[in-house]
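Here the structure comes first, spelled out in structure tokens, and everything after it is commentary.
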Amino acid sequence: MSVTSPLSDLIIHRRSCSKLIGPGPSDEELETILRAGANAPDHGELRPFRFIIFDKSNKDAFSDLLERALRARLDHEPTEGQLLKERSKLDRAPLVLAVVARIQPDHKIPVIEQMLSAGAAAQNILLAALSLNYDGIWRTGEMAYDPMIKSALGLNDHDAIVGWIYLGTAPVERVPFERDLDIADLSWVWEQGA
């Protein structure tokens, strides 16, 4: 029998939800969520993460950019279905956050640690949203790596979009979920000479 707490229960039972509806987080809740993200482990206190907010005020303009980026990536004219899918990506949730790693490549803190810090910020965001009774999913896909999109977001070549965090409310009641993991297969006690 394992020892649990409200926080560990929240983490253990967290699951991604790909279909999200309103309501999404309020402005005050979003501030709490972003504060949680900004308190990720951060070796050297570089704050190597940034959060770009997409809501009803800017989703349409960004959808235009997604369509242009798709056209630039393809060597043929996209189908109507491809265009519709690309334009509707941010419509999958009331609120979408791009979590960005602002990398300082020449800093004494290794790039991998800066990237991991941004990844931890993304996970903190998901958990903080869940603690406020919102569901979410962390996505990447081509729009996380597209140079046109990165440029439009003001990112440098060495910066990275570590994820698109979609937040909202699940359309059906959340069902408790726990992965059937054998922790013994994932961990061991190191022994000298082994």
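Ligands are numbered from 1 in the order shown, chains are lettered A, B, ... in the order of the structure tokens, and residues start at 1 in each chain.
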
Sort by chain and increasing residue number a table of all residues of stretch 55-150 of chain A within 12 Å of stretch 4-9 of chain A, each with its closest pair of atoms and their distance in Å to one decimal, counting only C-alpha atoms, and write it as a tab-separated table.
residue	atom	partner	partner_atom	distance
A:Asn124	CA	A:Leu7	CA	11.9
A:Leu127	CA	A:Leu7	CA	9.1
A:Ala128	CA	A:Leu7	CA	10.3
A:Leu130	CA	A:Leu7	CA	10.5
A:Ser131	CA	A:Leu7	CA	8.5

Take the residues from that selection and put them in a file with N, CA and C atoms, as an mmCIF file, in the first residue's frame.
data_model
loop_
_atom_site.group_PDB
_atom_site.id
_atom_site.type_symbol
_atom_site.label_atom_id
_atom_site.label_comp_id
_atom_site.auth_asym_id
_atom_site.auth_seq_id
_atom_site.Cartn_x
_atom_site.Cartn_y
_atom_site.Cartn_z
ATOM 1 N N ASN A 124 4.046 21.884 -14.486
ATOM 2 C CA ASN A 124 3.450 22.638 -13.380
ATOM 3 C C ASN A 124 2.148 23.312 -13.801
ATOM 4 N N LEU A 127 -0.629 20.728 -13.875
ATOM 5 C CA LEU A 127 -1.039 20.321 -12.526
ATOM 6 C C LEU A 127 -1.774 21.443 -11.800
ATOM 7 N N ALA A 128 -1.324 22.674 -11.971
ATOM 8 C CA ALA A 128 -2.022 23.801 -11.333
ATOM 9 C C ALA A 128 -3.429 23.938 -11.896
ATOM 10 N N LEU A 130 -5.239 21.542 -13.158
ATOM 11 C CA LEU A 130 -6.003 20.415 -12.634
ATOM 12 C C LEU A 130 -6.434 20.676 -11.194
ATOM 13 N N SER A 131 -5.561 21.293 -10.415
ATOM 14 C CA SER A 131 -5.909 21.603 -9.026
ATOM 15 C C SER A 131 -7.061 22.597 -8.940
#

Spatial neighbours of stretch 99-108 of chain A, max dist 10 Å, only C-alpha atoms, sep filter under 5 positions, as number ranges by chain:
A: 37, 44, 46-53, 113-119, 121-122, 125, 138, 144, 150, 153, 155-165

Would you save the residues of that selection, restricted to C-alpha atoms, as a tab-separated table (two decimals), in the first residue's frame?
chain	number	residue	atom	x	y	z
A	37	GLY	CA	4.64	27.36	-14.14
A	44	GLY	CA	20.82	29.32	-12.04
A	46	LEU	CA	17.61	31.95	-15.55
A	47	ARG	CA	13.84	31.84	-15.95
A	48	PRO	CA	14.38	30.06	-19.29
A	49	PHE	CA	10.65	29.81	-19.90
A	50	ARG	CA	8.02	32.12	-21.31
A	51	PHE	CA	4.28	31.64	-21.66
A	52	ILE	CA	2.38	32.95	-24.68
A	53	ILE	CA	-1.38	33.17	-24.17
A	113	GLU	CA	18.91	21.98	-18.11
A	114	GLN	CA	17.28	25.09	-19.58
A	115	MET	CA	15.02	22.91	-21.75
A	116	LEU	CA	14.13	20.66	-18.83
A	117	SER	CA	13.22	23.69	-16.75
A	118	ALA	CA	10.78	24.84	-19.45
A	119	GLY	CA	9.37	21.30	-19.59
A	121	ALA	CA	7.10	24.68	-16.17
A	122	ALA	CA	4.70	23.07	-18.66
A	125	ILE	CA	0.91	24.47	-15.54
A	138	TRP	CA	0.22	18.98	-23.71
A	144	ALA	CA	6.00	23.47	-32.25
A	150	LYS	CA	8.69	30.50	-34.03
A	153	LEU	CA	6.28	34.47	-31.79
A	155	LEU	CA	11.72	33.42	-30.91
A	156	ASN	CA	15.35	32.98	-31.93
A	157	ASP	CA	16.69	29.92	-33.74
A	158	HIS	CA	17.99	28.43	-30.49
A	159	ASP	CA	14.69	28.96	-28.63
A	160	ALA	CA	12.14	26.15	-28.58
A	161	ILE	CA	8.41	25.70	-28.18
A	162	VAL	CA	8.37	22.86	-25.68
A	163	GLY	CA	4.61	22.50	-25.84
A	164	TRP	CA	1.18	23.84	-26.52
A	165	ILE	CA	-0.87	23.48	-23.35

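The smallest atom-to-atom distance between A:Arg71 and any of A:Asp146, A:Ala98, A:Asp185, A:Ser16, using only C-alpha atoms, is found for A:Asp146.
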
Which residue out of A:Leu84, A:Ala120, A:Leu97, A:Leu66 has the minimum interatomic distance to A:Met148 when only C-alpha atoms are used?
A:Leu66

Apply DSSP to the structure's backbone, then extract all residues of chain A labelled helix (DSSP H, G or I) and return them as a ChimeraX atom specification.
/A:6-12,27-38,59-73,80-87,89-92,111-131,142-144,147-152,183-186

Generate a file of the selected residues that holds C-alpha atoms, formatted as a JSON list (two decimals), in the first residue's frame.
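Below is the file again.json, written as the result:
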[["chain", "number", "residue", "atom", "x", "y", "z"],
["A", 6, "PRO", "CA", -3.94, 15.27, -2.06],
["A", 7, "LEU", "CA", -1.06, 16.43, -4.27],
["A", 8, "SER", "CA", 0.23, 12.95, -5.08],
["A", 9, "ASP", "CA", -3.34, 11.77, -5.76],
["A", 10, "LEU", "CA", -3.77, 14.68, -8.19],
["A", 11, "ILE", "CA", -0.55, 13.77, -9.99],
["A", 12, "ILE", "CA", -1.17, 10.02, -10.04],
["A", 27, "ASP", "CA", -7.88, 35.80, -15.47],
["A", 28, "GLU", "CA", -7.22, 35.27, -11.75],
["A", 29, "GLU", "CA", -6.97, 31.50, -12.17],
["A", 30, "LEU", "CA", -4.66, 31.96, -15.16],
["A", 31, "GLU", "CA", -2.35, 34.10, -13.03],
["A", 32, "THR", "CA", -2.21, 31.29, -10.45],
["A", 33, "ILE", "CA", -1.53, 28.73, -13.19],
["A", 34, "LEU", "CA", 1.27, 30.84, -14.67],
["A", 35, "ARG", "CA", 2.80, 31.45, -11.23],
["A", 36, "ALA", "CA", 2.92, 27.70, -10.76],
["A", 37, "GLY", "CA", 4.64, 27.36, -14.14],
["A", 38, "ALA", "CA", 7.15, 30.06, -13.26],
["A", 59, "LYS", "CA", -6.89, 32.87, -31.88],
["A", 60, "ASP", "CA", -8.29, 33.91, -35.28],
["A", 61, "ALA", "CA", -5.17, 35.88, -36.20],
["A", 62, "PHE", "CA", -2.97, 33.00, -35.12],
["A", 63, "SER", "CA", -5.08, 30.57, -37.14],
["A", 64, "ASP", "CA", -4.25, 32.67, -40.22],
["A", 65, "LEU", "CA", -0.57, 32.24, -39.38],
["A", 66, "LEU", "CA", -1.01, 28.47, -38.92],
["A", 67, "GLU", "CA", -2.53, 28.27, -42.40],
["A", 68, "ARG", "CA", 0.32, 30.26, -43.97],
["A", 69, "ALA", "CA", 2.90, 28.09, -42.17],
["A", 70, "LEU", "CA", 1.20, 24.91, -43.41],
["A", 71, "ARG", "CA", 1.26, 26.18, -46.99],
["A", 72, "ALA", "CA", 4.98, 26.99, -46.63],
["A", 73, "ARG", "CA", 5.77, 23.52, -45.25],
["A", 80, "GLU", "CA", -9.56, 21.79, -47.68],
["A", 81, "GLY", "CA", -9.46, 19.20, -44.90],
["A", 82, "GLN", "CA", -5.83, 20.00, -44.10],
["A", 83, "LEU", "CA", -6.57, 23.72, -44.04],
["A", 84, "LEU", "CA", -9.59, 23.27, -41.80],
["A", 85, "LYS", "CA", -7.63, 21.06, -39.40],
["A", 86, "GLU", "CA", -4.78, 23.57, -39.23],
["A", 87, "ARG", "CA", -7.05, 26.59, -38.77],
["A", 89, "LYS", "CA", -6.10, 23.73, -33.88],
["A", 90, "LEU", "CA", -6.51, 26.42, -31.25],
["A", 91, "ASP", "CA", -10.28, 25.92, -31.17],
["A", 92, "ARG", "CA", -9.81, 22.64, -29.29],
["A", 111, "VAL", "CA", 21.08, 23.91, -22.68],
["A", 112, "ILE", "CA", 19.52, 20.59, -21.61],
["A", 113, "GLU", "CA", 18.91, 21.98, -18.11],
["A", 114, "GLN", "CA", 17.28, 25.09, -19.58],
["A", 115, "MET", "CA", 15.02, 22.91, -21.75],
["A", 116, "LEU", "CA", 14.13, 20.66, -18.83],
["A", 117, "SER", "CA", 13.22, 23.69, -16.75],
["A", 118, "ALA", "CA", 10.78, 24.84, -19.45],
["A", 119, "GLY", "CA", 9.37, 21.30, -19.59],
["A", 120, "ALA", "CA", 8.91, 21.34, -15.81],
["A", 121, "ALA", "CA", 7.10, 24.68, -16.17],
["A", 122, "ALA", "CA", 4.70, 23.07, -18.66],
["A", 123, "GLN", "CA", 4.00, 20.20, -16.25],
["A", 124, "ASN", "CA", 3.45, 22.64, -13.38],
["A", 125, "ILE", "CA", 0.91, 24.47, -15.54],
["A", 126, "LEU", "CA", -1.03, 21.27, -16.21],
["A", 127, "LEU", "CA", -1.04, 20.32, -12.53],
["A", 128, "ALA", "CA", -2.02, 23.80, -11.33],
["A", 129, "ALA", "CA", -4.90, 23.85, -13.82],
["A", 130, "LEU", "CA", -6.00, 20.41, -12.63],
["A", 131, "SER", "CA", -5.91, 21.60, -9.03],
["A", 142, "GLU", "CA", 4.65, 20.49, -36.46],
["A", 143, "MET", "CA", 3.53, 23.85, -35.14],
["A", 144, "ALA", "CA", 6.00, 23.47, -32.25],
["A", 147, "PRO", "CA", 10.43, 28.23, -38.11],
["A", 148, "MET", "CA", 7.73, 30.59, -39.44],
["A", 149, "ILE", "CA", 5.66, 30.13, -36.29],
["A", 150, "LYS", "CA", 8.69, 30.50, -34.03],
["A", 151, "SER", "CA", 9.65, 33.70, -35.82],
["A", 152, "ALA", "CA", 6.11, 35.12, -35.55],
["A", 183, "ILE", "CA", 7.34, 0.79, -10.48],
["A", 184, "ALA", "CA", 9.86, -2.03, -9.91],
["A", 185, "ASP", "CA", 10.41, -2.11, -13.70],
["A", 186, "LEU", "CA", 11.13, 1.63, -13.73]]

Here is a test: counting only C-alpha atoms, which residue of A:Pro41, A:Glu191, A:Leu95, A:Pro23 is nearest to A:Lys56?
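Of all the options, A:Leu95 lies closest to A:Lys56.
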
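Put simply, atom CA of A:Gly136 is 13.6 Å away from atom CA of A:Glu173.
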
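Interatomic distance, atom CA of A:Val175 to atom CA of A:Arg14: 9.9 Å.
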
Check chain A with DSSP on the backbone and list each residue it calls strand (DSSP E or B), as an MDAnalysis selection string.
chainID A and resid 21 49:54 95:101 135:139 160:169

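For the residues A:Cys17, A:Ala40, A:Val3, A:Leu181, ranking by smallest atom-to-atom distance to A:Ile137 using only C-alpha atoms places A:Cys17 first.
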